$ cat entry-v8.txt   # compact mmCIF, C-alpha atoms
# COMPACT_ATOMS: atom_id res chain seq x y z
CA MET A 11 -134.21 -162.75 -14.32
CA LYS A 12 -130.43 -163.16 -14.28
CA PHE A 13 -130.48 -163.82 -18.00
CA ALA A 14 -132.55 -160.65 -18.61
CA LEU A 15 -130.18 -158.48 -16.54
CA LYS A 16 -127.17 -159.90 -18.35
CA LEU A 17 -128.81 -159.19 -21.69
CA LEU A 18 -129.61 -155.62 -20.58
CA HIS A 19 -125.96 -155.04 -19.59
CA LEU A 20 -124.81 -156.31 -22.98
CA VAL A 21 -127.23 -153.99 -24.79
CA VAL A 22 -126.11 -150.97 -22.75
CA ALA A 23 -122.45 -151.79 -23.39
CA ALA A 24 -123.11 -152.11 -27.11
CA LEU A 25 -124.92 -148.78 -27.19
CA LEU A 26 -122.02 -147.11 -25.41
CA LEU A 27 -119.63 -148.49 -27.98
CA VAL A 28 -121.60 -147.08 -30.91
CA ALA A 29 -122.71 -143.85 -29.24
CA PRO A 30 -121.34 -140.80 -31.05
CA ALA A 31 -118.52 -138.94 -29.39
CA GLN A 32 -119.10 -135.43 -28.14
CA ALA A 33 -119.65 -133.17 -31.14
CA THR A 34 -116.72 -131.08 -32.32
CA THR A 35 -117.36 -127.33 -32.19
CA GLU A 36 -116.76 -125.70 -35.56
CA ILE A 37 -115.30 -122.18 -35.63
CA MET A 38 -115.49 -120.10 -38.79
CA TRP A 39 -112.43 -118.03 -39.71
CA TRP A 40 -112.88 -115.59 -42.58
CA HIS A 41 -109.63 -114.48 -44.19
CA ALA A 42 -108.11 -112.61 -47.14
CA MET A 43 -105.19 -114.83 -48.10
CA SER A 44 -104.84 -116.63 -51.41
CA GLY A 45 -102.00 -118.38 -53.22
CA GLU A 46 -99.02 -119.64 -51.22
CA LEU A 47 -100.03 -117.59 -48.17
CA GLY A 48 -103.51 -119.11 -48.26
CA LYS A 49 -101.96 -122.58 -48.25
CA GLN A 50 -99.84 -121.71 -45.21
CA LEU A 51 -102.91 -120.33 -43.42
CA GLU A 52 -104.89 -123.48 -44.12
CA LYS A 53 -101.98 -125.53 -42.78
CA LEU A 54 -102.16 -123.61 -39.48
CA ALA A 55 -105.84 -124.48 -39.16
CA ALA A 56 -105.23 -128.13 -40.10
CA ASP A 57 -102.39 -128.45 -37.59
CA PHE A 58 -104.57 -127.04 -34.80
CA ASN A 59 -107.44 -129.34 -35.74
CA ALA A 60 -105.12 -132.35 -35.69
CA ALA A 61 -103.69 -131.39 -32.29
CA GLN A 62 -107.02 -131.71 -30.47
CA SER A 63 -110.53 -132.99 -31.09
CA ASP A 64 -112.81 -130.50 -29.31
CA TYR A 65 -112.69 -127.72 -31.88
CA ARG A 66 -112.36 -127.42 -35.63
CA ILE A 67 -111.19 -124.19 -37.23
CA VAL A 68 -112.83 -123.74 -40.65
CA PRO A 69 -110.99 -121.17 -42.81
CA ALA A 70 -112.93 -119.43 -45.59
CA TYR A 71 -111.37 -117.10 -48.16
CA LYS A 72 -113.56 -114.01 -48.65
CA GLY A 73 -111.52 -111.96 -51.11
CA ASN A 74 -109.15 -109.08 -50.39
CA TYR A 75 -109.06 -107.28 -47.07
CA THR A 76 -111.80 -104.80 -47.95
CA GLU A 77 -114.05 -107.55 -49.30
CA THR A 78 -113.46 -109.70 -46.22
CA VAL A 79 -114.31 -106.91 -43.76
CA THR A 80 -117.35 -105.88 -45.79
CA ALA A 81 -118.60 -109.48 -45.84
CA ALA A 82 -118.18 -109.71 -42.06
CA ILE A 83 -120.11 -106.47 -41.51
CA PHE A 84 -123.05 -107.65 -43.61
CA ALA A 85 -122.95 -111.06 -41.95
CA PHE A 86 -123.05 -109.47 -38.49
CA ARG A 87 -126.24 -107.64 -39.41
CA SER A 88 -127.88 -110.94 -40.34
CA ARG A 89 -126.40 -112.78 -37.32
CA SER A 90 -124.36 -115.07 -39.56
CA GLN A 91 -120.94 -113.63 -38.75
CA PRO A 92 -117.84 -115.79 -38.19
CA ALA A 93 -116.14 -115.98 -34.81
CA ILE A 94 -112.83 -114.77 -36.32
CA VAL A 95 -112.22 -112.30 -39.14
CA GLN A 96 -108.91 -111.15 -40.57
CA VAL A 97 -108.73 -107.35 -40.82
CA ASN A 98 -105.90 -105.24 -42.25
CA GLU A 99 -103.98 -102.99 -39.90
CA ILE A 100 -105.27 -99.66 -41.21
CA ALA A 101 -108.84 -100.62 -40.28
CA THR A 102 -107.91 -100.88 -36.58
CA ALA A 103 -109.56 -97.58 -35.61
CA THR A 104 -112.69 -98.52 -37.54
CA MET A 105 -112.91 -101.87 -35.75
CA MET A 106 -112.35 -100.22 -32.38
CA ALA A 107 -115.33 -97.96 -33.05
CA ALA A 108 -117.58 -101.03 -33.48
CA ARG A 109 -117.62 -101.70 -29.74
CA GLY A 110 -120.76 -103.82 -29.66
CA ALA A 111 -119.51 -106.05 -32.46
CA ILE A 112 -116.01 -106.93 -31.24
CA TYR A 113 -114.83 -109.10 -28.37
CA PRO A 114 -111.42 -107.66 -27.32
CA VAL A 115 -108.79 -110.38 -27.30
CA PHE A 116 -107.47 -109.50 -23.84
CA GLU A 117 -111.00 -109.96 -22.46
CA LEU A 118 -111.51 -113.20 -24.37
CA MET A 119 -108.30 -114.74 -23.06
CA ARG A 120 -109.05 -113.58 -19.51
CA ASP A 121 -112.64 -114.88 -19.63
CA GLN A 122 -111.43 -118.25 -20.94
CA SER A 123 -108.53 -118.44 -18.44
CA GLU A 124 -106.13 -118.95 -21.33
CA PRO A 125 -102.49 -117.89 -20.72
CA PHE A 126 -101.82 -114.59 -22.48
CA ALA A 127 -98.81 -112.33 -21.91
CA PRO A 128 -98.73 -109.20 -24.12
CA GLN A 129 -95.11 -108.58 -23.11
CA ALA A 130 -94.15 -111.79 -24.95
CA TYR A 131 -95.03 -110.18 -28.28
CA LEU A 132 -92.75 -107.89 -30.26
CA PRO A 133 -93.51 -104.30 -29.13
CA ALA A 134 -93.68 -103.02 -32.71
CA VAL A 135 -96.46 -105.53 -33.35
CA ALA A 136 -98.36 -105.62 -30.07
CA GLY A 137 -98.39 -101.85 -29.66
CA TYR A 138 -100.17 -101.37 -32.95
CA TYR A 139 -103.19 -103.33 -31.76
CA ALA A 140 -103.32 -102.25 -28.11
CA ASP A 141 -105.40 -99.54 -26.45
CA VAL A 142 -103.92 -96.68 -24.41
CA ASP A 143 -103.66 -99.00 -21.38
CA GLY A 144 -101.69 -101.60 -23.31
CA ASN A 145 -104.58 -104.07 -23.63
CA MET A 146 -104.45 -106.01 -26.89
CA LEU A 147 -107.72 -105.65 -28.76
CA SER A 148 -107.05 -108.08 -31.57
CA PHE A 149 -104.65 -110.93 -32.15
CA PRO A 150 -101.55 -110.09 -34.26
CA PHE A 151 -101.36 -112.52 -37.13
CA ASN A 152 -99.62 -111.59 -40.37
CA ALA A 153 -97.41 -108.62 -39.61
CA SER A 154 -95.13 -107.36 -42.35
CA THR A 155 -93.00 -104.35 -43.15
CA PRO A 156 -91.53 -103.08 -46.43
CA ILE A 157 -88.08 -104.32 -47.41
CA LEU A 158 -85.97 -103.90 -50.53
CA TYR A 159 -85.58 -106.76 -53.01
CA TYR A 160 -83.14 -106.64 -55.90
CA ASN A 161 -82.21 -108.76 -58.90
CA LYS A 162 -78.58 -109.80 -58.46
CA ASP A 163 -78.34 -110.99 -62.06
CA LEU A 164 -79.37 -107.56 -63.36
CA PHE A 165 -76.95 -105.94 -60.92
CA ARG A 166 -74.09 -107.97 -62.41
CA SER A 167 -75.16 -107.04 -65.96
CA ALA A 168 -75.16 -103.36 -64.99
CA GLY A 169 -71.72 -103.59 -63.38
CA LEU A 170 -73.16 -103.16 -59.88
CA ASP A 171 -71.92 -105.10 -56.85
CA PRO A 172 -74.54 -107.83 -56.24
CA SER A 173 -73.61 -107.97 -52.56
CA GLN A 174 -74.37 -104.27 -51.99
CA PRO A 175 -78.01 -103.12 -52.09
CA PRO A 176 -78.66 -99.37 -52.04
CA ARG A 177 -78.76 -97.93 -48.51
CA THR A 178 -79.93 -94.40 -49.28
CA TRP A 179 -82.34 -92.86 -51.77
CA PRO A 180 -79.52 -91.12 -53.69
CA GLU A 181 -77.72 -94.48 -54.00
CA LEU A 182 -80.94 -96.11 -55.19
CA GLY A 183 -81.40 -93.43 -57.84
CA THR A 184 -77.87 -93.91 -59.16
CA MET A 185 -78.24 -97.70 -59.28
CA ALA A 186 -81.65 -97.47 -60.96
CA LYS A 187 -80.18 -95.33 -63.74
CA ARG A 188 -77.35 -97.84 -64.21
CA LEU A 189 -79.89 -100.65 -64.47
CA ARG A 190 -81.84 -98.74 -67.11
CA ALA A 191 -78.68 -98.00 -69.08
CA ALA A 192 -77.89 -101.73 -69.03
CA GLY A 193 -81.26 -102.54 -70.61
CA ALA A 194 -83.61 -103.15 -67.68
CA MET A 195 -87.21 -102.22 -68.50
CA CYS A 196 -87.38 -100.22 -65.28
CA GLY A 197 -84.88 -99.35 -62.59
CA PHE A 198 -87.13 -99.84 -59.60
CA THR A 199 -90.75 -99.89 -58.56
CA THR A 200 -92.78 -100.29 -55.37
CA SER A 201 -96.01 -101.95 -54.33
CA TRP A 202 -98.57 -100.34 -51.95
CA PRO A 203 -97.69 -96.74 -52.95
CA SER A 204 -99.04 -94.94 -49.88
CA TRP A 205 -97.90 -97.54 -47.34
CA ILE A 206 -94.34 -97.45 -48.65
CA ASN A 207 -93.81 -93.94 -50.02
CA VAL A 208 -95.79 -91.91 -47.48
CA GLU A 209 -96.54 -93.96 -44.35
CA ASN A 210 -93.32 -95.95 -43.99
CA PHE A 211 -91.19 -93.23 -45.55
CA SER A 212 -92.47 -90.92 -42.81
CA ALA A 213 -91.87 -93.40 -40.00
CA PHE A 214 -88.37 -94.25 -41.25
CA HIS A 215 -87.51 -90.54 -41.05
CA ASN A 216 -89.41 -89.97 -37.77
CA LEU A 217 -91.89 -87.63 -39.45
CA PRO A 218 -95.51 -87.40 -38.31
CA ILE A 219 -98.28 -88.57 -40.60
CA ALA A 220 -100.82 -86.91 -38.33
CA THR A 221 -100.99 -85.04 -35.04
CA ARG A 222 -102.01 -86.72 -31.79
CA GLY A 223 -99.36 -89.41 -32.19
CA ASN A 224 -100.64 -90.41 -35.63
CA GLY A 225 -104.09 -90.77 -34.14
CA PHE A 226 -103.23 -93.05 -31.21
CA ALA A 227 -104.08 -90.27 -28.75
CA GLY A 228 -107.48 -89.28 -30.08
CA LEU A 229 -109.94 -88.88 -32.93
CA ASP A 230 -109.21 -85.16 -33.32
CA ALA A 231 -105.95 -85.84 -35.19
CA GLN A 232 -105.02 -83.79 -38.26
CA LEU A 233 -103.01 -85.11 -41.20
CA VAL A 234 -99.65 -83.34 -41.65
CA PHE A 235 -97.67 -85.45 -44.12
CA ASN A 236 -97.47 -82.60 -46.67
CA ASN A 237 -94.11 -81.57 -45.22
CA PRO A 238 -91.03 -80.61 -47.28
CA ILE A 239 -89.24 -83.96 -46.87
CA VAL A 240 -92.18 -86.11 -48.04
CA VAL A 241 -92.93 -83.65 -50.84
CA ARG A 242 -89.30 -83.78 -51.99
CA HIS A 243 -89.41 -87.57 -52.02
CA ILE A 244 -92.57 -87.71 -54.14
CA ALA A 245 -91.18 -85.07 -56.51
CA GLN A 246 -87.99 -87.12 -56.90
CA LEU A 247 -89.99 -90.22 -57.80
CA ALA A 248 -91.87 -88.22 -60.43
CA LYS A 249 -88.58 -86.95 -61.88
CA TRP A 250 -87.20 -90.49 -62.06
CA GLN A 251 -90.45 -91.59 -63.70
CA ALA A 252 -89.46 -89.60 -66.79
CA ASP A 253 -86.70 -92.05 -67.77
CA LYS A 254 -88.20 -95.05 -65.94
CA SER A 255 -85.47 -95.12 -63.33
CA PHE A 256 -88.64 -95.35 -61.27
CA ASP A 257 -91.74 -96.80 -62.89
CA TYR A 258 -95.11 -96.60 -61.17
CA SER A 259 -96.80 -99.99 -61.43
CA GLY A 260 -100.17 -99.39 -59.76
CA ARG A 261 -101.78 -99.95 -56.39
CA GLY A 262 -101.70 -102.91 -54.07
CA GLN A 263 -99.34 -105.67 -55.17
CA ALA A 264 -99.45 -104.84 -58.88
CA ALA A 265 -95.70 -104.18 -58.97
CA GLU A 266 -94.60 -107.55 -57.58
CA PRO A 267 -95.05 -109.60 -60.80
CA ARG A 268 -92.91 -107.08 -62.69
CA PHE A 269 -90.03 -107.78 -60.35
CA GLN A 270 -90.56 -111.54 -60.51
CA LYS A 271 -90.48 -111.41 -64.32
CA GLY A 272 -87.17 -109.54 -64.25
CA GLU A 273 -88.54 -106.27 -65.63
CA CYS A 274 -87.42 -104.10 -62.69
CA GLY A 275 -84.05 -104.45 -61.03
CA ILE A 276 -85.14 -103.15 -57.60
CA PHE A 277 -88.45 -103.59 -55.84
CA ILE A 278 -89.67 -102.28 -52.48
CA GLY A 279 -92.53 -104.38 -51.17
CA SER A 280 -93.88 -106.30 -48.22
CA SER A 281 -91.65 -108.73 -46.37
CA GLY A 282 -94.69 -111.00 -46.45
CA THR A 283 -94.20 -111.57 -50.19
CA ARG A 284 -90.78 -113.13 -49.71
CA ALA A 285 -92.15 -116.67 -50.14
CA ASP A 286 -93.87 -115.81 -53.43
CA ILE A 287 -90.86 -113.90 -54.76
CA LYS A 288 -88.49 -116.71 -53.85
CA ALA A 289 -90.77 -119.30 -55.47
CA ASN A 290 -91.50 -117.39 -58.68
CA SER A 291 -88.28 -115.52 -59.53
CA LYS A 292 -85.87 -117.23 -61.93
CA PHE A 293 -82.87 -115.18 -60.78
CA GLU A 294 -80.85 -114.69 -57.62
CA VAL A 295 -82.72 -112.38 -55.25
CA GLY A 296 -80.96 -109.98 -52.90
CA TYR A 297 -82.45 -108.21 -49.90
CA GLY A 298 -81.90 -104.91 -48.14
CA MET A 299 -83.51 -102.39 -45.82
CA MET A 300 -85.65 -99.57 -47.10
CA PRO A 301 -83.51 -96.64 -48.22
CA TYR A 302 -83.39 -93.38 -46.28
CA GLU A 303 -82.48 -89.77 -46.93
CA PRO A 304 -78.99 -89.22 -45.46
CA ASP A 305 -79.59 -85.51 -44.83
CA VAL A 306 -82.55 -86.12 -42.50
CA GLN A 307 -81.29 -86.03 -38.92
CA GLY A 308 -81.79 -89.29 -37.02
CA ALA A 309 -82.73 -91.35 -40.07
CA PRO A 310 -83.25 -94.21 -40.32
CA GLN A 311 -85.67 -94.52 -37.37
CA ASN A 312 -87.80 -97.68 -37.63
CA SER A 313 -90.33 -99.01 -40.09
CA ILE A 314 -93.94 -99.70 -39.22
CA ILE A 315 -95.95 -102.82 -39.79
CA GLY A 316 -98.65 -103.66 -42.23
CA GLY A 317 -100.52 -106.87 -42.78
CA ALA A 318 -103.51 -107.88 -40.72
CA THR A 319 -104.79 -109.03 -37.39
CA LEU A 320 -107.51 -111.38 -36.14
CA TRP A 321 -110.59 -109.81 -34.59
CA VAL A 322 -113.13 -111.81 -32.60
CA LEU A 323 -116.79 -110.98 -33.23
CA ARG A 324 -119.49 -111.17 -30.59
CA ASP A 325 -122.79 -113.05 -30.53
CA ARG A 326 -121.41 -116.49 -31.27
CA PRO A 327 -122.10 -119.55 -29.06
CA ARG A 328 -120.04 -119.65 -25.87
CA ALA A 329 -118.36 -122.91 -26.83
CA GLU A 330 -116.83 -121.25 -29.89
CA TYR A 331 -115.05 -118.64 -27.79
CA ALA A 332 -113.36 -121.33 -25.72
CA GLY A 333 -112.04 -122.76 -29.00
CA VAL A 334 -110.93 -119.36 -30.29
CA ALA A 335 -108.90 -118.81 -27.13
CA LYS A 336 -107.28 -122.24 -27.53
CA PHE A 337 -106.52 -121.46 -31.16
CA PHE A 338 -104.85 -118.14 -30.30
CA GLY A 339 -102.81 -119.94 -27.67
CA PHE A 340 -101.77 -122.44 -30.33
CA LEU A 341 -100.79 -119.65 -32.75
CA SER A 342 -98.60 -118.09 -30.06
CA ARG A 343 -96.46 -121.19 -29.59
CA PRO A 344 -92.84 -120.47 -30.54
CA GLU A 345 -92.58 -123.44 -32.91
CA VAL A 346 -95.83 -122.50 -34.68
CA GLN A 347 -94.88 -118.83 -35.01
CA ALA A 348 -91.34 -119.69 -36.13
CA ALA A 349 -92.66 -121.94 -38.91
CA TRP A 350 -95.19 -119.30 -40.04
CA HIS A 351 -92.45 -116.65 -40.10
CA GLN A 352 -89.99 -118.85 -41.94
CA ASN A 353 -92.47 -120.09 -44.55
CA THR A 354 -94.04 -116.73 -45.37
CA GLY A 355 -91.68 -113.84 -44.60
CA TYR A 356 -94.11 -112.33 -42.10
CA LEU A 357 -92.68 -111.16 -38.80
CA PRO A 358 -92.67 -113.57 -35.87
CA ILE A 359 -95.12 -111.99 -33.44
CA THR A 360 -93.26 -113.20 -30.33
CA ARG A 361 -89.69 -112.80 -29.13
CA ALA A 362 -89.54 -116.55 -28.48
CA ALA A 363 -90.34 -117.34 -32.13
CA PHE A 364 -87.60 -114.98 -33.29
CA ASP A 365 -85.10 -116.54 -30.88
CA LEU A 366 -86.11 -120.05 -31.97
CA SER A 367 -85.66 -119.16 -35.66
CA ARG A 368 -82.21 -117.83 -34.89
CA THR A 369 -81.28 -120.91 -32.83
CA GLN A 370 -82.47 -123.16 -35.67
CA GLY A 371 -80.03 -121.40 -38.00
CA PHE A 372 -82.79 -120.04 -40.25
CA TYR A 373 -81.19 -116.62 -40.67
CA ASP A 374 -77.80 -118.16 -41.41
CA ARG A 375 -79.33 -120.31 -44.14
CA ASN A 376 -81.50 -117.49 -45.50
CA PRO A 377 -79.57 -114.23 -45.76
CA GLY A 378 -81.89 -111.25 -45.61
CA ALA A 379 -84.70 -113.07 -43.81
CA SER A 380 -84.08 -111.10 -40.62
CA ILE A 381 -84.15 -107.69 -42.33
CA SER A 382 -87.83 -107.09 -41.56
CA ILE A 383 -87.22 -107.67 -37.84
CA GLU A 384 -84.13 -105.48 -37.87
CA GLU A 385 -86.13 -102.68 -39.49
CA VAL A 386 -89.04 -102.59 -37.08
CA THR A 387 -86.69 -102.85 -34.09
CA LEU A 388 -83.97 -100.55 -35.45
CA LYS A 389 -84.74 -97.93 -32.79
CA PRO A 390 -87.41 -97.70 -30.08
CA PRO A 391 -90.62 -96.44 -31.73
CA THR A 392 -91.59 -92.82 -31.18
CA ASP A 393 -95.05 -91.27 -31.33
CA LYS A 394 -94.25 -90.61 -35.00
CA SER A 395 -93.04 -94.12 -35.84
CA ARG A 396 -95.31 -96.35 -33.76
CA GLY A 397 -97.85 -96.74 -36.54
CA VAL A 398 -101.08 -95.18 -37.75
CA ARG A 399 -104.46 -95.31 -36.02
CA LEU A 400 -106.79 -93.05 -37.93
CA GLY A 401 -110.46 -93.52 -38.64
CA SER A 402 -111.45 -94.31 -42.23
CA PHE A 403 -107.79 -94.74 -43.13
CA VAL A 404 -108.71 -97.24 -45.84
CA LEU A 405 -110.45 -94.35 -47.62
CA ILE A 406 -107.64 -91.92 -46.77
CA ARG A 407 -105.10 -94.27 -48.32
CA ASP A 408 -107.19 -94.31 -51.50
CA VAL A 409 -107.11 -90.50 -51.50
CA ILE A 410 -103.32 -90.44 -51.08
CA GLU A 411 -102.85 -92.89 -53.93
CA GLU A 412 -105.18 -90.94 -56.21
CA GLU A 413 -103.04 -87.86 -55.60
CA LEU A 414 -99.79 -89.79 -56.10
CA GLU A 415 -101.06 -90.97 -59.47
CA GLN A 416 -101.69 -87.34 -60.44
CA VAL A 417 -98.04 -86.60 -59.69
CA PHE A 418 -96.63 -89.65 -61.49
CA SER A 419 -98.72 -88.86 -64.59
CA GLY A 420 -97.40 -85.30 -64.66
CA LYS A 421 -100.78 -83.69 -63.99
CA ARG A 422 -100.02 -82.19 -60.56
CA SER A 423 -97.00 -81.06 -58.58
CA ALA A 424 -95.92 -83.07 -55.55
CA GLN A 425 -96.72 -80.18 -53.22
CA ALA A 426 -100.20 -79.62 -54.65
CA ALA A 427 -100.95 -83.35 -54.53
CA MET A 428 -99.87 -83.77 -50.92
CA ASP A 429 -101.79 -80.63 -49.92
CA ASN A 430 -104.88 -82.02 -51.62
CA ALA A 431 -104.43 -85.41 -49.95
CA VAL A 432 -104.15 -83.78 -46.52
CA ASP A 433 -107.23 -81.59 -47.08
CA ARG A 434 -109.35 -84.42 -48.43
CA GLY A 435 -108.12 -86.83 -45.77
CA ASN A 436 -108.86 -84.41 -42.94
CA ARG A 437 -112.44 -84.11 -44.13
CA LEU A 438 -112.76 -87.89 -43.86
CA LEU A 439 -111.28 -87.78 -40.35
CA ARG A 440 -113.83 -85.19 -39.25
CA GLN A 441 -116.65 -87.31 -40.65
CA PHE A 442 -115.38 -90.31 -38.68
CA GLU A 443 -115.03 -88.19 -35.54
CA ARG A 444 -118.62 -86.94 -35.81
CA ALA A 445 -119.86 -90.50 -36.33
CA ASN A 446 -118.10 -91.70 -33.15
CA PRO A 447 -118.65 -88.94 -30.56
CA ASP A 448 -118.33 -91.28 -27.57
CA ARG A 449 -114.80 -92.45 -28.37
$ encode --input "entry-v8.txt" --output "structure tokens"
Amino acid sequence: MKFALKLLHLVVAALLLVAPAQATTEIMWWHAMSGELGKQLEKLAADFNAAQSDYRIVPAYKGNYTETVTAAIFAFRSRSQPAIVQVNEIATATMMAARGAIYPVFELMRDQSEPFAPQAYLPAVAGYYADVDGNMLSFPFNASTPILYYNKDLFRSAGLDPSQPPRTWPELGTMAKRLRAAGAMCGFTTSWPSWINVENFSAFHNLPIATRGNGFAGLDAQLVFNNPIVVRHIAQLAKWQADKSFDYSGRGQAAEPRFQKGECGIFIGSSGTRADIKANSKFEVGYGMMPYEPDVQGAPQNSIIGGATLWVLRDRPRAEYAGVAKFFGFLSRPEVQAAWHQNTGYLPITRAAFDLSRTQGFYDRNPGASISIEEVTLKPPTDKSRGVRLGSFVLIRDVIEEELEQVFSGKRSAQAAMDNAVDRGNRLLRQFERANPDR
């Protein structure tokens, strides 16, 4: 009997040794980042996975922002949606309307008893994704703002001071003409035409894009960006287009490779492309703030953010949500945020990450890296410069860019184009309002 009991104990001990550990909960994260940014995103997931063994974040690239959101919507209908999806900032109102599909981040963190302090995040970032009561609905992830990049080598060739980027639009126009005269293929260009030349131009001059605080105060907002100052700016770009002092390069990020190849001496684009520009440009790059019109009272005001945020989708197993909350806590750590900011050019989403980057000497070693933060915090945001929260704004931005292209091709005046964009955009707003009567 004693021998049998001893044998039984040995068998049980052996089984315990070979028994599988508790299964790791996998959490799908659908995103829209490729290239160098995609590598940095995957590193975040790998670092979190290595820091603990209960959860495993599984990133999956789903195409651009529109393709990623569309994939998530179709997946939700078939109950195969991820727990986390990356959504660009202009789709915030659309996501808010999908109440049954989203799990607000402030509720998630509260339900999971995970520390979460909205006041720790930069106001210009947190406010964009919060409701009227200040509750954060999604998790800020890759926040960017437009900054000015310039080719110091081309500046020297044109007899321009490579330490002095243009501060105003008139200065930029003069420098662009000098660059052209010195042989540059184009003086300057911009990416994301609407985001930079209408949305951020308006915010930087404290001009409303729409009524009702750019849509933050209600769905009954009306677009009003067809004002004399915006119209004058678009008309000036069209005039410069004639001699390629300005050269329209297309939508999205189509302009960025032209700057990297040395075709254009000045480029206004996302701060989030700094890593790619630094890695792929074979010349000395300079940085500056967006230009402003010196005759507009109070300018410059502050820029607004772009980029994307992380939304949590409902109807996933409960264990996944515990892991999502842990992951968001991990992403909020100062050292994690500081590294993400420093390696990509995106804004640090917390004050602590900004302070840590400064303490580490990052801004001393990388002149211009703090420009994006200086821009969004230049002055306290107003109801005109807080951001944009308008339904169907993805479609409205397409409308604006269609009308801009009519101007740049000489087929329509700036005033007529902006009037058309406002009329067409307002029709889209009314459609969205009718589709969401309970909001």
$ atom_distance --input "entry-v8.txt" --atom1 "CA of Glu411 in chain A" --atom2 "CA of Gly279 in chain A"
15.7 Å
$ residues_around --input "entry-v8.txt" --residues "Glu266 in chain A" --least-positions-apart "3" --cutoff "12 Å" --atoms "only C-alpha atoms" --output "ChimeraX atom specification"
/A:158-160,198-202,258-263,269-284,286-288,290-291
$ atom_distance --input "entry-v8.txt" --atom1 "CA of Leu405 in chain A" --atom2 "CA of Asp325 in chain A"
28.2 Å
$ closest_residue --input "entry-v8.txt" --among "A:Asp64, A:Glu384, A:Glu209, A:Asp393" --to "Ile410 in chain A" --atoms "all atoms listed in the file"
A:Glu209
$ closest_residue --input "entry-v8.txt" --among "A:Phe340, A:Phe235, A:Trp321, A:Phe214" --to "Asp429 in chain A" --atoms "all atoms listed in the file"
A:Phe235
$ atom_distance --input "entry-v8.txt" --atom1 "CA of Asp163 in chain A" --atom2 "CA of Gln251 in chain A"
22.9 Å
$ closest_residue --input "entry-v8.txt" --among "A:Val322, A:Ala227, A:Val241, A:Leu164" --to "Pro114 in chain A" --atoms "only C-alpha atoms"
A:Val322
$ residues_around --input "entry-v8.txt" --residues "Phe364 in chain A" --least-positions-apart "4" --cutoff "10 Å" --atoms "all atoms listed in the file" --output "list in words"
Leu132, Pro344, Glu345, Gln347, Ala348, His351, Gln352, Leu357, Pro358, Ile359, Thr360, Arg368, Thr369, Gln370, Phe372, Tyr373, Ser380 and Ile383 of chain A
$ closest_residue --input "entry-v8.txt" --among "A:Ala363, A:Arg437, A:Gly317, A:Met428" --to "Leu341 in chain A" --atoms "all atoms listed in the file"
A:Ala363
$ closest_residue --input "entry-v8.txt" --among "A:Ala70, A:Val417, A:Ile315, A:Ala82" --to "Lys249 in chain A" --atoms "only C-alpha atoms"
A:Val417
$ closest_residue --input "entry-v8.txt" --among "A:Ala33, A:Met43, A:Ala134, A:Leu247" --to "Ala186 in chain A" --atoms "only C-alpha atoms"
A:Leu247
$ decode --input "entry-v8.txt" --residues "range 277-284 of chain A" --atoms "N, CA, C and O atoms" --output "short mmCIF file (atom, residue, chain, number, x, y, z; two decimals), in the first residue's frame"
data_model
loop_
_atom_site.label_atom_id
_atom_site.label_comp_id
_atom_site.auth_asym_id
_atom_site.auth_seq_id
_atom_site.Cartn_x
_atom_site.Cartn_y
_atom_site.Cartn_z
N PHE A 277 8.31 71.66 -47.70
CA PHE A 277 7.22 70.68 -47.63
C PHE A 277 6.49 70.86 -46.31
O PHE A 277 7.12 70.95 -45.25
N ILE A 278 5.17 70.96 -46.36
CA ILE A 278 4.36 70.99 -45.13
C ILE A 278 3.63 69.66 -45.05
O ILE A 278 2.85 69.31 -45.94
N GLY A 279 3.92 68.91 -44.00
CA GLY A 279 3.33 67.59 -43.85
C GLY A 279 3.26 67.20 -42.38
O GLY A 279 3.62 67.97 -41.49
N SER A 280 2.83 66.00 -42.14
CA SER A 280 2.62 65.51 -40.78
C SER A 280 3.93 65.39 -40.01
O SER A 280 4.94 64.93 -40.55
N SER A 281 3.88 65.76 -38.74
CA SER A 281 5.04 65.54 -37.87
C SER A 281 5.33 64.06 -37.73
O SER A 281 6.46 63.67 -37.42
N GLY A 282 4.32 63.23 -37.97
CA GLY A 282 4.49 61.79 -37.86
C GLY A 282 5.31 61.18 -38.98
O GLY A 282 5.61 59.98 -38.94
N THR A 283 5.67 61.97 -39.99
CA THR A 283 6.51 61.45 -41.07
C THR A 283 7.98 61.80 -40.86
O THR A 283 8.81 61.52 -41.72
N ARG A 284 8.29 62.40 -39.72
CA ARG A 284 9.67 62.84 -39.48
C ARG A 284 10.65 61.67 -39.58
O ARG A 284 11.74 61.81 -40.16
#
